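Asker: Have a look at the structure that comes next, please.
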Amino acid sequence: MISFIKTPFNQFKRLIKINRVLTYYRIDELLFANTKYEWLTLINGLSPWNWRRHSKASRGERIRLALEELGPIFIKFGQALSTRKDLLPEDISVELRKLQDDCPPFDEQHSIQIIESGLRRPIAEAYASFDPIPMASASIAQVHAATLMDGTEVVVKVVRPDIKPVIEQDVSIMRSLAKLVEAAIKESRRLHPTEVVAEFEKTLLDELDMMREASNAAQLRRNFEGSELLYVPEIYWSHTNDHVMTMERIYGIRISDTDKLIEAGVDLTDLSAKGVTIFFTQVFKHNFFHADMHPGNIFVLPDGRYAAIDFGIMGTLTPEDQRYLAENFLAFFNRDYLRVSELHIESEWVPRDTRVNELESAIRSVCEPIWDRPLKEISFGLFLMRLFQTARRFGMEVQPQLVLLQKTLLNIEGLGRQLDDELDLWDTAKPFLEDWMQERVGLKSLAKNVKSNLPYWIEQAPQLPGLLHQSLNKLAHADFQQTALQIHRLEQQIEAQNKAQRRRILGALLLGAGIFSGQFIGLDMLQKEWIQGGLVVLGLYFLLKK
């Protein structure tokens with residue numbers, strides 16, 4: 001009974017807190033000004049908890065400060081929104097990128113309790129050493145240093161206790177706000193606020209599942225096994241479960257610390273090109289890409305390879321999306337805007353009935369100004385963002401897999417140009433895309449398909465004579481005479497319909513001539529009546545004849 005009362009009471013307190021924060025930072029005014037719900041802002045101002053001066057900061061800063069005050073789940077939501085440059089004004093997205101997902105660590109005893117409960121053994125039996133003071137702490141989990149019994153250094157990621165109810169409560173409130181915004185502001189519907197919140201909720205719940213993240217890491221590690229480009233730490237499954245993940249500890253320099261990279265003798269130009277190659281390899285070769293590649297998750301090892309951590313958010317594309325994206329990039333750099341438009345319609349990113357010439361004109365007006373800049377400064381991410389913005393005007397729906405791709409591409413470009421401001425992304429990407437397209441549509445693709453399907457064809461080969469015999473037998477006993485008779489009858493029906501149509505046209509003409517024959521000049525009244533009557537009778541005859 002106590003928990004039943006406590007939960008609604010806590011939810012009520014949370015709603016009051018959210019209302020107080022949003023009102024103080026005038027978020028309600030941003031949302032509902034000049035809408036049918038504008039009266040809500042007036043009522044908010046009368047509430048006792050809102051009797052204070054409001055923030056005078058800029059629009060973007062007010063939104064950022066409000067999210068920071070509302071806590072880690074809202075901060076993560078703001079971080080997710082910050083990647084949606086196609087949805088947000090520039091001043092807001094810039095401010096949201098300042099949000100940091102740093103949270104106070106939870107009690108060390110909670111960490112030990114979660115680990116021991118998940119691994120079903122005391123911490124001293126699971127690890128030779130375990131540091132209870134976390135290395136880092138975020139909204140979903142925190143990380144501890146440890147050592148396995150064989151001396152292997154590892155990091156242990158532990159999900160925050162009781163975080164799921166907090167997520168469910170805050171996301172439920174976000175969902176209600178999104179529905180209210182959709183109802184109040186018609187223009188917001190094209191941005192699909194409720195779908196954005198739903199996708200955010202799915203991402204959060206996925207991040208809570210350590211087994212899922214560990215599986216993502218294992219798959220990415222297999223994809224780059226033996227690679228000179230990217231190293232993925234090993235997962236220790238014996239020390240991993242739904243709430244705990246144990247992973248090999250790596251030592252490297254954070255990708256954003258360029259001074260230390262230079263001191264270590266790392267070639268930044270080569271490093272930036274490698275980053276682009278890694279991205280395109282993941283997207284087009286493996287179809288499995290790390291979708292959270294911000295500087296905090298990327299390190300450089302002493303041997304010059306990249307190393308990635310934090311595999312909670314991964315992206316995939318359908319083979320069709322892969323091909324259309326590659327062709328879009330190639331068509332864009334050839335300035336073939338007609339082909340870009342055709343690809344959007346063929347892939348059904350926009351409705352099938354879209355006028356291709358109108359879409360081509362819109363895409364040209366958006367993309368052509370990009371070419372005023374040097375080739376090395378042309379942004380793939382900016383191109384995709386503007387392309388999606390334009391396509392949305394023609395009815396393109398928000399597609400989560402493309403949003404993740406756009407976000408990752410923007411991160412990669414930012415990292416690459418931070419390392420080497422002379423980076424020519426096209427110089428690195430074009431050969432990769434051309435080779436990939438050749439493998440998909442050229443002789444390589446044909447040979448690959450034959451090789452992959454050959455075992456199936458060999459398996460089915462013994463059945464081919466029987467299938468061929470059945471087909472020939474059916475063909476031999478087919479009643480061609482009956483089919484010919486049916487075709488002849490159909491031809492007769494068509495001819496009869498054509499004759500009837502001609503009679504109706506002739507009858508209408510005669511009837512019209514009879515009605516207006518009274519205008520004939522040079523005939524007496526009796527002659528006019530005879531002619532008029534005859535034409536009308538003939539007209540009716542042809543009209544009514546079956």
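Numbering starts fresh at 1 for the residues of each chain in the structure tokens, the chains themselves are lettered A, B, ... in the order given, and ligands are numbered from 1 as they appear.
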Among segment 13-210 of chain A, which ones does DSSP assign to alpha helix (DSSP H) (computed from the backbone)? Answer as an NGL selection string.

Answerer: :A and (13-24 or 27-32 or 39-46 or 59-70 or 72-82 or 90-96 or 108-119 or 123-126 or 163-184 or 193-208 or 210)

Asker: Write the selection just made, keeping C-alpha atoms, as a CSV table (one decimal), in the first residue's frame?

Answerer:
```
chain,number,residue,atom,x,y,z
A,13,LYS,CA,6.5,15.9,-7.5
A,14,ARG,CA,8.4,15.1,-10.7
A,15,LEU,CA,5.7,16.8,-12.8
A,16,ILE,CA,5.8,19.9,-10.5
A,17,LYS,CA,9.6,20.0,-10.9
A,18,ILE,CA,9.5,19.7,-14.7
A,19,ASN,CA,6.7,22.3,-14.9
A,20,ARG,CA,8.7,24.7,-12.6
A,21,VAL,CA,11.9,24.3,-14.7
A,22,LEU,CA,10.2,24.6,-18.1
A,23,THR,CA,8.4,27.7,-16.9
A,24,TYR,CA,11.4,29.4,-15.4
A,27,ILE,CA,10.2,26.8,-22.6
A,28,ASP,CA,6.4,26.9,-22.4
A,29,GLU,CA,6.4,30.2,-24.3
A,30,LEU,CA,8.7,28.7,-27.0
A,31,LEU,CA,6.3,25.8,-27.5
A,32,PHE,CA,2.8,27.4,-27.2
A,39,TRP,CA,-3.5,30.0,-22.4
A,40,LEU,CA,-1.5,27.3,-20.7
A,41,THR,CA,1.5,29.7,-20.3
A,42,LEU,CA,-0.9,32.2,-18.5
A,43,ILE,CA,-2.1,29.5,-16.1
A,44,ASN,CA,1.5,28.4,-15.5
A,45,GLY,CA,2.4,31.9,-14.4
A,46,LEU,CA,-0.3,31.9,-11.8
A,59,ARG,CA,16.7,30.6,-26.7
A,60,GLY,CA,19.3,27.8,-27.1
A,61,GLU,CA,21.0,28.4,-23.8
A,62,ARG,CA,17.6,28.3,-22.0
A,63,ILE,CA,16.8,24.9,-23.5
A,64,ARG,CA,20.3,23.6,-22.6
A,65,LEU,CA,20.1,24.8,-19.0
A,66,ALA,CA,16.6,23.4,-18.5
A,67,LEU,CA,17.7,20.0,-19.7
A,68,GLU,CA,20.7,20.1,-17.4
A,69,GLU,CA,18.5,21.0,-14.4
A,70,LEU,CA,16.0,18.2,-15.2
A,72,PRO,CA,20.5,12.8,-16.8
A,73,ILE,CA,17.6,11.3,-18.9
A,74,PHE,CA,16.7,14.8,-20.2
A,75,ILE,CA,20.4,15.5,-20.8
A,76,LYS,CA,20.7,12.3,-22.9
A,77,PHE,CA,17.6,13.4,-24.8
A,78,GLY,CA,19.2,16.7,-25.5
A,79,GLN,CA,22.3,15.0,-26.7
A,80,ALA,CA,20.3,12.8,-29.0
A,81,LEU,CA,18.5,15.9,-30.4
A,82,SER,CA,21.8,17.7,-30.9
A,90,GLU,CA,21.4,26.1,-35.6
A,91,ASP,CA,21.4,28.2,-32.4
A,92,ILE,CA,19.6,25.4,-30.5
A,93,SER,CA,21.7,22.5,-31.9
A,94,VAL,CA,25.0,24.3,-31.0
A,95,GLU,CA,23.9,24.7,-27.4
A,96,LEU,CA,22.7,21.1,-27.1
A,108,GLU,CA,30.4,1.5,-4.3
A,109,GLN,CA,28.5,-1.1,-2.3
A,110,HIS,CA,25.7,-0.9,-4.9
A,111,SER,CA,28.2,-1.7,-7.6
A,112,ILE,CA,29.6,-4.7,-5.7
A,113,GLN,CA,26.1,-5.9,-4.9
A,114,ILE,CA,25.0,-5.7,-8.6
A,115,ILE,CA,28.2,-7.5,-9.7
A,116,GLU,CA,27.9,-10.3,-7.1
A,117,SER,CA,24.2,-10.8,-7.8
A,118,GLY,CA,24.7,-11.0,-11.6
A,119,LEU,CA,27.8,-13.2,-11.5
A,123,ILE,CA,33.6,-10.2,-5.9
A,124,ALA,CA,36.8,-11.7,-4.5
A,125,GLU,CA,36.1,-14.9,-6.5
A,126,ALA,CA,35.3,-13.1,-9.7
A,163,ILE,CA,17.6,3.4,-13.3
A,164,LYS,CA,14.8,1.7,-15.4
A,165,PRO,CA,11.9,3.2,-13.3
A,166,VAL,CA,13.5,6.7,-13.7
A,167,ILE,CA,13.7,6.2,-17.5
A,168,GLU,CA,10.1,5.0,-17.7
A,169,GLN,CA,8.9,7.9,-15.6
A,170,ASP,CA,10.7,10.6,-17.5
A,171,VAL,CA,10.1,9.1,-20.9
A,172,SER,CA,6.4,8.9,-20.1
A,173,ILE,CA,6.4,12.6,-19.3
A,174,MET,CA,8.3,13.3,-22.5
A,175,ARG,CA,5.8,11.3,-24.5
A,176,SER,CA,2.9,13.3,-23.1
A,177,LEU,CA,4.7,16.6,-23.9
A,178,ALA,CA,5.4,15.4,-27.4
A,179,LYS,CA,1.7,14.6,-27.9
A,180,LEU,CA,0.7,18.0,-26.6
A,181,VAL,CA,3.2,19.7,-28.9
A,182,GLU,CA,1.9,17.8,-31.9
A,183,ALA,CA,-1.7,18.8,-31.0
A,184,ALA,CA,-0.8,22.5,-30.5
A,193,PRO,CA,7.9,14.3,-31.9
A,194,THR,CA,6.3,11.2,-30.5
A,195,GLU,CA,8.3,9.0,-32.9
A,196,VAL,CA,11.5,10.8,-31.8
A,197,VAL,CA,10.7,10.1,-28.2
A,198,ALA,CA,9.9,6.5,-28.9
A,199,GLU,CA,13.2,6.0,-30.7
A,200,PHE,CA,15.0,7.7,-27.8
A,201,GLU,CA,13.2,5.3,-25.3
A,202,LYS,CA,14.3,2.3,-27.4
A,203,THR,CA,17.9,3.5,-27.5
A,204,LEU,CA,17.9,4.0,-23.7
A,205,LEU,CA,16.5,0.6,-23.0
A,206,ASP,CA,19.0,-1.0,-25.4
A,207,GLU,CA,21.8,0.7,-23.5
A,208,LEU,CA,20.5,-0.8,-20.3
A,210,MET,CA,24.8,-5.2,-21.2
```

Asker: Could you pull out the residues in segment 157-379 of chain A that DSSP calls strand (DSSP E or B) from the backbone, as a list in words?

Answerer: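 Selecting the strand (DSSP E or B) positions of segment 157-379 of chain A gives Lys157, Val158, Val159, Leu230, Tyr231, Ile235, Val244, Met245, Thr246, Met247, Glu248, Ile253, Arg254, Phe289, His290, Ile298, Phe299, Val300, Tyr306, Ala307, Ala308, Met314 and Gly315 of chain A.
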
Asker: Compare A:Gln322, A:Gln418, A:Gln389, A:Gln470 by their minimum atom-to-atom distance to Trp436 of chain A, counting only C-alpha atoms, and give me the closest one.

Answerer: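 Nearest to Trp436 of chain A: A:Gln322.
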
Asker: For atom CA of Val143 of chain A and atom CA of Lys260 of chain A, determine how far apart the two atoms are, in Å to one decimal place.

Answerer: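 Going from atom CA of Val143 of chain A over to atom CA of Lys260 of chain A covers 23.8 Å.
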
Asker: Under the rule that only C-alpha atoms are counted, which of A:Phe388, A:Pro132, A:Gly304, A:Gly312 is the nearest residue to Thr269 of chain A?

Answerer: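 With only C-alpha atoms as the atom set, the closest residue is A:Gly304.
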
Asker: Which residues are close to Gln219 of chain A, i.e. within 10 Å by only C-alpha atoms, leaving aside same-chain residues fewer than 6 positions away? Reply as a ChimeraX atom specification.

Answerer: /A:213,225,232,288

Asker: Show which residues sit within 10 Å of Arg393 of chain A, as a compact mmCIF listing (two decimals) with all heavy atoms, in the first residue's frame. Count only C-alpha atoms, and ignore same-chain residues fewer than 5 positions away.

Answerer:
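New file part_0.txt:
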```
# COMPACT_ATOMS: atom_id res chain seq x y z
N ARG A 190 5.42 17.20 -38.86
CA ARG A 190 6.38 16.66 -39.83
C ARG A 190 7.67 16.22 -39.16
O ARG A 190 8.45 15.46 -39.72
CB ARG A 190 6.68 17.70 -40.92
CG ARG A 190 7.48 18.88 -40.45
CD ARG A 190 7.79 19.86 -41.58
NE ARG A 190 8.58 20.98 -41.15
CZ ARG A 190 9.91 20.96 -41.06
NH1 ARG A 190 10.56 19.86 -41.39
NH2 ARG A 190 10.58 22.01 -40.67
N VAL A 350 10.90 9.21 -50.88
CA VAL A 350 9.79 10.15 -51.11
C VAL A 350 8.70 9.38 -51.85
O VAL A 350 8.97 8.33 -52.44
CB VAL A 350 10.24 11.38 -51.92
CG1 VAL A 350 11.28 12.19 -51.17
CG2 VAL A 350 10.77 10.97 -53.29
N LEU A 359 11.57 17.80 -57.80
CA LEU A 359 12.53 17.37 -56.79
C LEU A 359 13.96 17.69 -57.24
O LEU A 359 14.79 18.14 -56.44
CB LEU A 359 12.37 15.87 -56.54
CG LEU A 359 13.26 15.26 -55.44
CD1 LEU A 359 13.06 15.96 -54.11
CD2 LEU A 359 12.99 13.76 -55.30
N ALA A 362 14.66 21.35 -56.66
CA ALA A 362 14.84 21.65 -55.23
C ALA A 362 16.21 21.18 -54.74
O ALA A 362 16.89 21.89 -53.99
CB ALA A 362 13.73 21.00 -54.42
N PHE A 388 18.13 15.51 -46.85
CA PHE A 388 16.97 15.02 -46.12
C PHE A 388 15.99 16.16 -45.83
O PHE A 388 14.77 15.96 -45.84
CB PHE A 388 17.41 14.36 -44.81
CG PHE A 388 18.20 13.09 -45.01
CD1 PHE A 388 18.98 12.58 -43.98
CD2 PHE A 388 18.20 12.43 -46.23
CE1 PHE A 388 19.72 11.42 -44.17
CE2 PHE A 388 18.93 11.27 -46.42
CZ PHE A 388 19.69 10.76 -45.38
```

Asker: Could you tell me which of A:Pro122, A:Pro302, A:Pro134, A:Gly416 comes closest to Pro105 of chain A if we count only C-alpha atoms?

Answerer: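 The answer is A:Pro134, which sits nearest to Pro105 of chain A.
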
Asker: With a distance cut-off of 6 Å and only C-alpha atoms, select the neighbouring residues of segment 153-160 of chain A, excluding the residue or stretch itself and same-chain residues fewer than 5 positions from it, and output the selection as a list in words.

Answerer: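 Final neighbour list, sorted by chain and number: Ile140, Ala141, Gln142, Val143, His144, Ala145, Ala146, Thr147, His243, Val244, Met245, Thr246, Met247, Glu248 and Arg249 of chain A.
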